[in-house]
$ cat start20.cif   # mmCIF, C-alpha atoms
data_structure
#
loop_
_atom_site.label_atom_id
_atom_site.label_comp_id
_atom_site.auth_asym_id
_atom_site.auth_seq_id
_atom_site.Cartn_x
_atom_site.Cartn_y
_atom_site.Cartn_z
CA MET A 1 -17.95 -12.55 24.59
CA SER A 2 -15.25 -10.05 23.59
CA ARG A 3 -12.43 -11.76 21.76
CA ARG A 4 -8.87 -10.95 22.71
CA THR A 5 -7.11 -10.06 19.47
CA LEU A 6 -3.33 -9.82 19.27
CA VAL A 7 -2.03 -7.70 16.38
CA VAL A 8 1.62 -7.80 15.32
CA GLY A 9 2.76 -4.68 13.47
CA GLY A 10 2.06 -0.99 13.99
CA GLY A 11 2.12 0.22 10.40
CA ILE A 12 -0.94 1.21 8.40
CA GLY A 13 -2.14 -2.40 8.06
CA GLY A 14 -1.66 -3.19 11.74
CA LEU A 15 -3.40 -0.03 12.94
CA ALA A 16 -6.25 -0.60 10.48
CA ALA A 17 -6.65 -4.19 11.72
CA ALA A 18 -6.60 -3.12 15.35
CA LEU A 19 -9.13 -0.35 14.69
CA ALA A 20 -11.52 -2.58 12.71
CA CYS A 21 -11.40 -5.31 15.37
CA ALA A 22 -11.85 -2.85 18.23
CA ARG A 23 -14.84 -1.30 16.45
CA GLY A 24 -16.28 -4.82 16.28
CA GLY A 25 -16.05 -5.20 20.05
CA ALA A 26 -12.74 -7.04 20.41
CA GLN A 27 -10.18 -6.45 23.12
CA VAL A 28 -7.05 -5.54 21.14
CA GLU A 29 -3.40 -5.68 22.09
CA LEU A 30 -0.95 -4.46 19.46
CA PHE A 31 2.80 -5.15 19.33
CA GLU A 32 5.19 -2.89 17.41
CA ARG A 33 8.93 -3.50 17.32
CA ALA A 34 9.89 0.18 16.98
CA ARG A 35 10.20 2.45 20.00
CA GLU A 36 7.69 4.93 18.61
CA PHE A 37 4.92 4.97 16.05
CA THR A 38 6.35 6.52 12.91
CA GLU A 39 5.85 6.32 9.16
CA VAL A 40 8.62 7.02 6.68
CA GLY A 41 7.59 9.87 4.40
CA ALA A 42 5.93 8.80 1.16
CA GLY A 43 2.61 9.17 -0.56
CA ILE A 44 -0.30 6.79 -0.95
CA GLN A 45 -3.12 6.78 -3.47
CA LEU A 46 -6.50 5.76 -2.05
CA GLY A 47 -9.11 4.62 -4.53
CA PRO A 48 -12.84 5.03 -3.85
CA ASN A 49 -12.91 1.43 -2.60
CA VAL A 50 -10.60 2.43 0.27
CA VAL A 51 -11.96 5.92 0.98
CA LYS A 52 -15.41 4.34 1.43
CA ILE A 53 -14.06 2.17 4.26
CA LEU A 54 -12.26 5.05 5.97
CA HIS A 55 -15.44 7.12 5.82
CA GLY A 56 -17.33 4.19 7.36
CA TRP A 57 -14.85 4.17 10.23
CA GLY A 58 -15.71 7.78 11.03
CA LEU A 59 -12.59 9.29 9.44
CA LYS A 60 -14.27 11.39 6.73
CA ASP A 61 -13.57 14.77 8.31
CA GLY A 62 -10.06 13.82 9.35
CA LEU A 63 -9.25 12.56 5.87
CA ALA A 64 -10.64 15.72 4.28
CA GLY A 65 -8.33 17.79 6.47
CA VAL A 66 -5.06 16.16 5.39
CA ALA A 67 -5.55 14.50 1.98
CA ALA A 68 -5.75 15.87 -1.55
CA PHE A 69 -8.57 14.95 -3.93
CA PRO A 70 -7.29 15.20 -7.53
CA ASP A 71 -9.74 15.87 -10.35
CA ARG A 72 -7.93 13.75 -12.93
CA LEU A 73 -5.30 11.12 -13.58
CA GLN A 74 -3.22 11.85 -16.65
CA VAL A 75 -0.95 9.37 -18.46
CA ARG A 76 1.93 10.86 -20.48
CA SER A 77 4.77 9.48 -22.56
CA ALA A 78 8.03 9.81 -20.65
CA LEU A 79 9.86 10.10 -23.98
CA SER A 80 7.80 12.68 -25.86
CA GLY A 81 5.74 14.22 -23.06
CA ALA A 82 2.57 13.66 -25.10
CA GLU A 83 -0.68 12.97 -23.27
CA LEU A 84 -1.77 9.36 -23.79
CA GLY A 85 -4.96 9.18 -21.75
CA VAL A 86 -6.98 10.72 -18.92
CA LEU A 87 -9.17 9.27 -16.17
CA ARG A 88 -11.55 11.76 -14.61
CA LEU A 89 -11.54 11.62 -10.81
CA GLY A 90 -13.04 14.20 -8.42
CA ALA A 91 -16.79 14.57 -8.84
CA VAL A 92 -16.86 11.87 -11.53
CA ALA A 93 -15.35 9.23 -9.22
CA LEU A 94 -17.70 10.32 -6.43
CA ALA A 95 -20.74 9.94 -8.70
CA ARG A 96 -19.59 6.57 -10.07
CA TYR A 97 -18.46 4.91 -6.88
CA GLY A 98 -19.95 6.86 -4.00
CA SER A 99 -16.58 7.96 -2.64
CA PRO A 100 -13.79 10.16 -3.99
CA TYR A 101 -10.24 9.32 -5.04
CA ALA A 102 -7.70 10.63 -2.54
CA THR A 103 -3.93 11.06 -2.31
CA ILE A 104 -2.29 11.33 1.10
CA HIS A 105 1.03 11.36 2.92
CA ARG A 106 1.63 8.00 4.62
CA ALA A 107 2.34 9.68 7.94
CA ASP A 108 -0.96 11.55 7.78
CA LEU A 109 -2.96 8.36 7.17
CA HIS A 110 -1.00 6.59 9.91
CA GLY A 111 -1.75 9.46 12.28
CA LEU A 112 -5.48 9.36 11.51
CA LEU A 113 -5.64 5.62 12.22
CA LEU A 114 -3.58 5.89 15.40
CA ALA A 115 -5.70 8.71 16.79
CA ALA A 116 -8.90 6.80 16.03
CA LEU A 117 -7.50 3.66 17.66
CA LYS A 118 -6.55 5.51 20.84
CA GLN A 119 -10.16 6.66 21.14
CA GLN A 120 -11.38 3.06 21.25
CA GLY A 121 -11.77 1.27 24.55
CA ALA A 122 -10.02 -1.99 25.42
CA VAL A 123 -6.93 -1.29 23.29
CA GLN A 124 -3.37 -1.74 24.56
CA LEU A 125 -0.43 -0.52 22.48
CA ASN A 126 3.01 -2.03 23.08
CA LEU A 127 6.05 -0.30 21.61
CA ALA A 128 9.60 -1.73 21.50
CA SER A 129 7.99 -5.19 21.51
CA PRO A 130 9.42 -7.35 18.72
CA VAL A 131 7.75 -10.74 18.38
CA ASP A 132 9.77 -13.92 18.62
CA ARG A 133 7.23 -16.70 17.94
CA PHE A 134 3.68 -17.89 18.57
CA MET A 135 1.91 -21.14 19.41
CA GLN A 136 -1.63 -22.16 18.49
CA HIS A 137 -3.65 -24.45 20.73
CA ALA A 138 -7.27 -25.49 21.10
CA GLU A 139 -8.20 -22.66 23.45
CA GLY A 140 -6.34 -19.85 21.74
CA VAL A 141 -2.92 -18.61 20.70
CA THR A 142 0.12 -17.63 22.76
CA LEU A 143 2.49 -14.94 21.57
CA HIS A 144 6.09 -14.80 22.78
CA THR A 145 7.92 -11.49 22.56
CA ALA A 146 11.67 -11.12 22.22
CA ASP A 147 11.96 -9.75 25.78
CA GLY A 148 10.40 -12.91 27.25
CA ARG A 149 6.76 -11.88 27.60
CA GLU A 150 4.08 -14.50 27.04
CA VAL A 151 0.69 -13.14 25.95
CA LYS A 152 -2.43 -15.21 25.44
CA GLY A 153 -5.24 -14.35 23.06
CA ASP A 154 -8.07 -15.79 21.01
CA VAL A 155 -6.73 -14.72 17.63
CA LEU A 156 -3.42 -13.49 16.22
CA VAL A 157 -3.15 -11.06 13.31
CA GLY A 158 0.15 -10.88 11.46
CA ALA A 159 0.33 -7.39 9.96
CA ASP A 160 4.09 -7.15 10.19
CA GLY A 161 4.86 -6.40 6.58
CA LEU A 162 6.79 -7.91 3.71
CA TRP A 163 9.37 -9.61 5.93
CA SER A 164 6.74 -10.93 8.34
CA ARG A 165 7.90 -13.17 11.19
CA VAL A 166 4.31 -14.33 11.68
CA ARG A 167 4.09 -15.45 8.05
CA ASP A 168 7.49 -17.11 8.29
CA GLN A 169 6.24 -19.35 11.10
CA LEU A 170 2.72 -19.88 9.76
CA ILE A 171 3.55 -20.67 6.12
CA ASN A 172 7.34 -21.01 6.02
CA ASP A 173 7.56 -20.37 2.28
CA GLY A 174 10.89 -18.56 2.20
CA ALA A 175 11.84 -14.96 1.65
CA PRO A 176 10.28 -12.55 -0.85
CA ARG A 177 12.18 -12.15 -4.13
CA THR A 178 13.63 -8.97 -5.49
CA THR A 179 12.16 -7.73 -8.76
CA GLY A 180 15.03 -5.79 -10.31
CA HIS A 181 12.99 -2.59 -9.94
CA LEU A 182 14.27 0.31 -7.86
CA ALA A 183 11.96 3.01 -6.52
CA TYR A 184 13.27 6.53 -5.94
CA ARG A 185 10.84 8.67 -3.95
CA ALA A 186 10.70 12.26 -2.89
CA LEU A 187 8.35 14.67 -1.14
CA VAL A 188 8.75 18.38 -1.88
CA PRO A 189 6.76 21.49 -0.99
CA GLN A 190 5.02 22.71 -4.11
CA SER A 191 6.04 26.25 -3.20
CA SER A 192 9.70 25.26 -3.70
CA LEU A 193 9.07 24.23 -7.31
CA PRO A 194 8.77 26.47 -10.34
CA GLU A 195 5.14 27.16 -11.22
CA ARG A 196 5.31 24.98 -14.33
CA LEU A 197 6.27 21.92 -12.26
CA ARG A 198 3.54 22.21 -9.64
CA SER A 199 0.59 19.88 -10.01
CA HIS A 200 -2.76 19.07 -8.41
CA GLN A 201 -3.50 15.98 -10.47
CA VAL A 202 -2.07 12.46 -10.63
CA THR A 203 0.37 12.10 -13.52
CA ALA A 204 1.97 8.83 -14.65
CA TRP A 205 4.88 9.11 -17.09
CA LEU A 206 5.51 5.83 -18.96
CA GLY A 207 8.80 4.97 -20.63
CA PRO A 208 10.99 1.98 -21.58
CA GLN A 209 12.12 0.25 -18.39
CA LEU A 210 10.95 3.14 -16.24
CA HIS A 211 8.00 5.18 -15.11
CA VAL A 212 7.35 8.15 -12.83
CA VAL A 213 4.23 8.96 -10.81
CA GLN A 214 3.53 12.34 -9.20
CA TYR A 215 0.58 13.57 -7.18
CA PRO A 216 -0.30 16.11 -4.50
CA VAL A 217 -0.52 15.34 -0.77
CA ARG A 218 -1.21 17.35 2.38
CA GLY A 219 -4.09 19.26 0.87
CA GLY A 220 -2.07 19.86 -2.28
CA GLU A 221 0.72 21.75 -0.55
CA TRP A 222 3.30 19.00 -1.17
CA LEU A 223 4.11 16.94 -4.24
CA ASN A 224 4.92 13.23 -3.96
CA VAL A 225 7.14 11.87 -6.74
CA VAL A 226 8.09 8.23 -7.27
CA ALA A 227 10.45 7.21 -10.08
CA ILE A 228 10.89 3.51 -10.77
CA VAL A 229 13.75 2.22 -12.89
CA HIS A 230 15.32 -1.16 -13.57
CA GLY A 231 18.41 -2.01 -11.56
CA HIS A 232 19.76 -3.73 -8.47
CA MET A 233 20.71 -2.32 -5.11
CA HIS A 234 23.60 -3.40 -2.96
CA GLY A 235 22.87 -3.56 0.74
CA ASP A 236 20.00 -4.55 2.99
CA VAL A 237 16.92 -5.10 0.82
CA GLU A 238 14.78 -5.47 3.95
CA ASN A 239 15.35 -1.79 4.69
CA TRP A 240 13.07 0.09 2.33
CA ASP A 241 14.43 3.54 3.20
CA HIS A 242 17.93 4.09 1.81
CA SER A 243 19.54 7.38 0.87
CA ALA A 244 19.77 7.75 -2.90
CA ASN A 245 22.25 9.22 -5.35
CA PRO A 246 20.33 11.77 -7.46
CA ALA A 247 22.95 11.55 -10.21
CA ARG A 248 22.09 7.90 -10.84
CA LEU A 249 18.42 8.70 -11.21
CA ARG A 250 19.16 11.60 -13.53
CA SER A 251 21.31 9.31 -15.65
CA ALA A 252 18.47 6.77 -15.88
CA MET A 253 16.12 9.56 -16.97
CA ALA A 254 18.50 11.08 -19.53
CA ALA A 255 16.45 10.02 -22.58
CA THR A 256 13.12 11.28 -21.25
CA CYS A 257 11.33 14.49 -22.26
CA ALA A 258 12.34 17.95 -21.03
CA PRO A 259 9.38 18.48 -18.62
CA LEU A 260 10.13 15.22 -16.83
CA ILE A 261 13.87 15.91 -16.70
CA ASP A 262 13.09 19.35 -15.28
CA LEU A 263 11.00 17.76 -12.51
CA ILE A 264 13.70 15.25 -11.61
CA ASP A 265 16.40 17.93 -11.69
CA ALA A 266 14.36 20.20 -9.41
CA ILE A 267 14.47 17.64 -6.57
CA ASP A 268 17.70 17.27 -4.60
CA HIS A 269 16.78 14.72 -1.95
CA TRP A 270 15.60 11.22 -2.84
CA ARG A 271 15.13 8.01 -0.87
CA LEU A 272 15.55 4.59 -2.44
CA TRP A 273 14.21 1.10 -1.95
CA ALA A 274 14.37 -2.15 -3.90
CA LEU A 275 10.97 -3.62 -4.72
CA SER A 276 10.39 -7.21 -3.58
CA ILE A 277 7.28 -9.36 -3.99
CA ARG A 278 5.78 -12.80 -3.65
CA PRO A 279 3.73 -14.61 -6.30
CA PRO A 280 -0.01 -13.87 -6.35
CA MET A 281 -1.92 -15.79 -3.68
CA ARG A 282 -2.95 -19.32 -4.66
CA ALA A 283 -5.20 -20.42 -1.80
CA ALA A 284 -7.15 -19.17 1.19
CA ASP A 285 -4.72 -20.70 3.68
CA GLU A 286 -2.15 -18.10 2.63
CA GLN A 287 -4.48 -15.52 4.22
CA ALA A 288 -5.38 -17.37 7.43
CA HIS A 289 -4.93 -20.73 9.11
CA GLY A 290 -6.41 -21.86 12.40
CA ARG A 291 -6.40 -18.89 14.78
CA VAL A 292 -3.83 -16.86 12.85
CA ALA A 293 -4.66 -14.35 10.11
CA LEU A 294 -2.28 -12.53 7.79
CA LEU A 295 -3.06 -9.07 6.52
CA GLY A 296 -1.59 -6.61 4.02
CA ASP A 297 1.98 -7.15 2.88
CA ALA A 298 2.41 -10.06 5.26
CA ALA A 299 -0.20 -11.92 3.20
CA HIS A 300 0.05 -10.45 -0.31
CA PRO A 301 2.89 -8.02 -1.00
CA MET A 302 2.32 -6.35 -4.34
CA LEU A 303 4.06 -4.03 -6.71
CA PRO A 304 2.81 -0.42 -6.56
CA TYR A 305 1.59 -0.41 -10.17
CA LEU A 306 -2.10 -0.48 -9.26
CA ALA A 307 -1.61 1.86 -6.28
CA GLN A 308 -3.46 -0.58 -4.02
CA GLY A 309 -0.95 -1.94 -1.49
CA ALA A 310 -2.27 0.09 1.44
CA GLY A 311 -5.78 -0.19 0.01
CA MET A 312 -5.83 -3.97 0.11
CA ALA A 313 -4.52 -3.92 3.69
CA ILE A 314 -7.38 -1.63 4.70
CA GLU A 315 -9.90 -3.82 2.86
CA ASP A 316 -8.42 -6.84 4.68
CA ALA A 317 -8.80 -5.08 8.02
CA ASP A 318 -12.42 -4.16 7.37
CA GLU A 319 -13.32 -7.72 6.37
CA LEU A 320 -11.39 -9.20 9.31
CA GLY A 321 -13.23 -7.00 11.79
CA ARG A 322 -16.60 -7.97 10.36
CA ALA A 323 -15.76 -11.67 10.20
CA LEU A 324 -14.60 -11.80 13.82
CA ALA A 325 -17.75 -9.95 14.92
CA THR A 326 -20.07 -12.40 13.14
CA ASP A 327 -22.42 -14.10 15.60
CA GLY A 328 -22.26 -17.87 15.88
CA LEU A 329 -18.74 -18.32 14.46
CA ASP A 330 -15.77 -19.50 16.49
CA VAL A 331 -12.39 -17.99 15.66
CA PRO A 332 -11.20 -20.61 13.12
CA ALA A 333 -14.54 -20.38 11.29
CA ALA A 334 -14.44 -16.58 11.30
CA LEU A 335 -10.92 -16.60 9.87
CA ARG A 336 -11.95 -19.08 7.18
CA LEU A 337 -14.73 -16.66 6.27
CA TYR A 338 -12.23 -13.79 6.19
CA ALA A 339 -9.74 -15.69 4.05
CA GLY A 340 -12.41 -16.95 1.67
CA ARG A 341 -13.65 -13.42 1.04
CA ARG A 342 -10.21 -11.87 0.59
CA TRP A 343 -7.65 -14.09 -1.08
CA GLN A 344 -8.98 -14.13 -4.64
CA ARG A 345 -9.41 -10.35 -4.78
CA ASN A 346 -5.92 -9.87 -3.37
CA ALA A 347 -4.50 -12.32 -5.90
CA ARG A 348 -6.22 -10.44 -8.73
CA VAL A 349 -4.72 -7.15 -7.60
CA GLN A 350 -1.28 -8.71 -7.20
CA ALA A 351 -1.43 -10.15 -10.72
CA GLY A 352 -2.80 -6.90 -12.13
CA ALA A 353 0.05 -4.93 -10.60
CA ILE A 354 2.60 -7.27 -12.16
CA ARG A 355 0.95 -6.89 -15.57
CA ASN A 356 0.82 -3.12 -15.20
CA GLY A 357 4.56 -3.06 -14.53
CA GLN A 358 5.15 -4.86 -17.82
CA VAL A 359 2.84 -2.47 -19.67
CA PHE A 360 4.23 0.67 -18.02
CA HIS A 361 7.84 -0.27 -18.83
CA ALA A 362 7.23 -1.68 -22.31
CA SER A 363 9.48 -0.91 -25.27
CA GLY A 364 9.35 -1.45 -29.01
CA VAL A 365 6.16 -2.71 -30.62
CA VAL A 366 4.43 -3.29 -27.27
CA ARG A 367 5.02 0.35 -26.28
CA TRP A 368 3.62 1.59 -29.60
CA GLY A 369 0.55 -0.61 -29.16
CA ARG A 370 0.05 0.56 -25.59
CA ASP A 371 0.24 4.21 -26.56
CA ALA A 372 -2.13 3.76 -29.51
CA ALA A 373 -4.67 1.89 -27.37
CA MET A 374 -4.44 4.51 -24.63
CA LYS A 375 -5.05 7.35 -27.08
CA LEU A 376 -8.00 5.51 -28.64
CA LEU A 377 -9.72 4.18 -25.52
CA GLY A 378 -8.40 6.47 -22.77
CA GLU A 379 -10.74 6.33 -19.80
CA ARG A 380 -12.12 2.92 -20.73
CA LEU A 381 -8.65 1.45 -20.16
CA LEU A 382 -7.79 3.49 -17.09
CA ASP A 383 -11.02 3.09 -15.12
CA MET A 384 -11.34 -0.11 -13.07
CA PRO A 385 -14.91 -0.60 -11.82
CA TRP A 386 -14.12 -4.10 -10.51
CA LEU A 387 -11.55 -2.51 -8.19
CA TYR A 388 -13.03 0.87 -7.29
CA ARG A 389 -16.48 -0.45 -6.43
CA GLY A 390 -14.93 -2.35 -3.56
CA VAL A 391 -16.31 -5.56 -2.12
#
$ encode --input "start20.cif" --output "structure tokens"
Amino acid sequence: MSRRTLVVGGGIGGLAAALACARGGAQVELFERAREFTEVGAGIQLGPNVVKILHGWGLKDGLAGVAAFPDRLQVRSALSGAELGVLRLGAVALARYGSPYATIHRADLHGLLLAALKQQGAVQLNLASPVDRFMQHAEGVTLHTADGREVKGDVLVGADGLWSRVRDQLINDGAPRTTGHLAYRALVPQSSLPERLRSHQVTAWLGPQLHVVQYPVRGGEWLNVVAIVHGHMHGDVENWDHSANPARLRSAMAATCAPLIDLIDAIDHWRLWALSIRPPMRAADEQAHGRVALLGDAAHPMLPYLAQGAGMAIEDADELGRALATDGLDVPAALRLYAGRRWQRNARVQAGAIRNGQVFHASGVVRWGRDAAMKLLGERLLDMPWLYRGV
């Protein structure tokens, strides 16, 4: 019997969940609070573990048309500009893991998922439909929207992000905490940059209490740049898309090397958000309970220092779809299977991202040790088979 699956959230995680469940034969109804499906401009890195799933969903050609596929990831000192280490990507990643490493504009990935979802049967998309609450009962789950609708289903998926209302009711563990890290982000056409600043690889610049990541998107025609510094933001931390003062970023970067300063100075328009997280997951019931599953940032928000936030949401979606399609399992059993297969991996990535932030932003003796180890071991430190092989 086709299960009626209610998905809350129309971002990348919600669309991925809806698509995976629909591919598994579920009837899907998705609820998005915004009046239209949009994604704020930013880039995403997709490791081979994630690209493999997207290819399995039939999105290989679509992904190839909009993503970039860098040949290498380079780590440089933000202070001296010296190269610290290199991880070969491109054909090397494809040979090692069976799928390439990709970089993509968020809106392009969102568009691929939305188009694929609209091609599935038995999918209903509801815009301008904020969720108020839900109730679980023996026969299913009932979702109440803010405009008074009452929708019944067999399973509810909370994919409504860091400030999830579904999580708030299911777990009630308080708000996420701010980290004291601010992320400035920009997207610029490569053609608008001087030749020396254009790039078709991933570059991470590491410095005391800061780092910058740059990589190509949209087939390499645009450059995504994210600069993360220590500081606090006044205003609504739930809104992750604030206008930014370029002068403040330039001041924070004043002690960095000339090539990095040149890149920052070449960009006039930046957006800003304050990074917030929760502690790494501690148990399976933080991923699902009863007939309600959490997915992506609603379950395990993570710092972007392993470049796997969207990746873990897509892995969640793939596992959720397979668990719910498993013969002989009722919904609570299927969600226990889903949670049991996901929470420890998600917790490991969360913890790894926190550690990476400490390493990236290190100063003093720790920074010297990091740089020396990177120069000595290079690819052995940067490659992560446990992550890129997937599950």
$ closest_residue --input "start20.cif" --among "A:Gly290, A:Pro48, A:Gly43, A:Gly85" --to "Ala373 (chain A)" --atoms "only C-alpha atoms"
A:Gly85
$ closest_atom_pairs --input "start20.cif" --of "region 128-166 of chain A" --to "region 17-22 of chain A" --cutoff "10 Å" --atoms "all atoms listed in the file" --output "CSV"
residue,atom,partner,partner_atom,distance
A:Val157,CA,A:Ala17,CA,7.9
A:Gly158,CA,A:Ala17,CA,9.5
A:Ala159,CA,A:Ala17,CA,7.9
$ residues_around --input "start20.cif" --residues "Pro189 (chain A)" --least-positions-apart "4" --cutoff "12 Å" --atoms "all atoms listed in the file" --output "list in words"
Leu193, Pro194, Glu195, Leu197, Arg198, Ser199, Tyr215, Pro216, Val217, Arg218, Gly219, Gly220, Glu221, Trp222, Leu223, Asn224, Val225, Ala266 and Ile267 of chain A
$ residues_near_point --input "start20.cif" --point "(6.2, 8.0, 11.5)" --cutoff "12 Å" --atoms "all atoms listed in the file" --output "VMD selection string"
chain A and resid 10 to 12 34 to 42 105 to 112 114
$ write_last_selection --input "start20.cif" --atoms "C-alpha atoms" --output "short mmCIF file (atom, residue, chain, number, x, y, z; two decimals), in the coordinates of the input"
data_model
loop_
_atom_site.label_atom_id
_atom_site.label_comp_id
_atom_site.auth_asym_id
_atom_site.auth_seq_id
_atom_site.Cartn_x
_atom_site.Cartn_y
_atom_site.Cartn_z
CA GLY A 10 2.06 -0.99 13.99
CA GLY A 11 2.12 0.22 10.40
CA ILE A 12 -0.94 1.21 8.40
CA ALA A 34 9.89 0.18 16.98
CA ARG A 35 10.20 2.45 20.00
CA GLU A 36 7.69 4.93 18.61
CA PHE A 37 4.92 4.97 16.05
CA THR A 38 6.35 6.52 12.91
CA GLU A 39 5.85 6.32 9.16
CA VAL A 40 8.62 7.02 6.68
CA GLY A 41 7.59 9.87 4.40
CA ALA A 42 5.93 8.80 1.16
CA HIS A 105 1.03 11.36 2.92
CA ARG A 106 1.63 8.00 4.62
CA ALA A 107 2.34 9.68 7.94
CA ASP A 108 -0.96 11.55 7.78
CA LEU A 109 -2.96 8.36 7.17
CA HIS A 110 -1.00 6.59 9.91
CA GLY A 111 -1.75 9.46 12.28
CA LEU A 112 -5.48 9.36 11.51
CA LEU A 114 -3.58 5.89 15.40
#
$ residues_around --input "start20.cif" --residues "region 50-55 of chain A" --least-positions-apart "5" --cutoff "10 Å" --atoms "only C-alpha atoms" --output "list in words"
Ala16, Gln45, Lys60, Asp61, Gly62, Leu63, Ala64, Tyr97, Gly98, Ser99, Pro100, Tyr101, Ala102, Leu109, Leu112, Leu113, Gln308, Ala310, Gly311, Met312, Ala313, Ile314, Glu315, Ala317, Asp318, Leu387, Tyr388, Arg389 and Gly390 of chain A
$ closest_residue --input "start20.cif" --among "A:Gly81, A:Ala283, A:Thr142, A:Met233" --to "Ala204 (chain A)" --atoms "all atoms listed in the file"
A:Gly81
$ resolve_selection --input "start20.cif" --expression "the PyMOL selection byres ((chain A and resi 268) around 10)" --output "list in words"
Ala186, Val188, Ala244, Asn245, Pro246, Ala247, Ile264, Asp265, Ala266, Ile267, His269 and Trp270 of chain A
$ write_last_selection --input "start20.cif" --atoms "C-alpha atoms" --output "mmCIF file, in the coordinates of the input"
data_model
loop_
_atom_site.group_PDB
_atom_site.id
_atom_site.type_symbol
_atom_site.label_atom_id
_atom_site.label_comp_id
_atom_site.auth_asym_id
_atom_site.auth_seq_id
_atom_site.Cartn_x
_atom_site.Cartn_y
_atom_site.Cartn_z
ATOM 1 C CA ALA A 186 10.700 12.260 -2.890
ATOM 2 C CA VAL A 188 8.750 18.380 -1.880
ATOM 3 C CA ALA A 244 19.770 7.750 -2.900
ATOM 4 C CA ASN A 245 22.250 9.220 -5.350
ATOM 5 C CA PRO A 246 20.330 11.770 -7.460
ATOM 6 C CA ALA A 247 22.950 11.550 -10.210
ATOM 7 C CA ILE A 264 13.700 15.250 -11.610
ATOM 8 C CA ASP A 265 16.400 17.930 -11.690
ATOM 9 C CA ALA A 266 14.360 20.200 -9.410
ATOM 10 C CA ILE A 267 14.470 17.640 -6.570
ATOM 11 C CA HIS A 269 16.780 14.720 -1.950
ATOM 12 C CA TRP A 270 15.600 11.220 -2.840
#
$ resolve_selection --input "start20.cif" --expression "the PyMOL selection byres ((chain A and resi 161-171) around 8)" --output "PyMOL selection string"
chain A and resi 8-9+131-134+158-160+172-176+238+277+286+289+292+294+296-299+301
$ residues_near_point --input "start20.cif" --point "(11.0, 0.5, -5.6)" --cutoff "10 Å" --atoms "all atoms listed in the file" --output "list in words"
Thr178, Thr179, Gly180, His181, Leu182, Ala183, Tyr184, Arg185, Val226, Ala227, Ile228, Val229, His230, Gly231, Trp240, Asp241, Arg271, Leu272, Trp273, Ala274, Leu275, Ser276, Leu303 and Pro304 of chain A
$ closest_residue --input "start20.cif" --among "A:Gly47, A:Gly58, A:Pro208, A:Pro259" --to "Thr103 (chain A)" --atoms "all atoms listed in the file"
A:Gly47
$ closest_residue --input "start20.cif" --among "A:Ala323, A:Leu206, A:Leu337, A:Ala353" --to "Ser80 (chain A)" --atoms "all atoms listed in the file"
A:Leu206
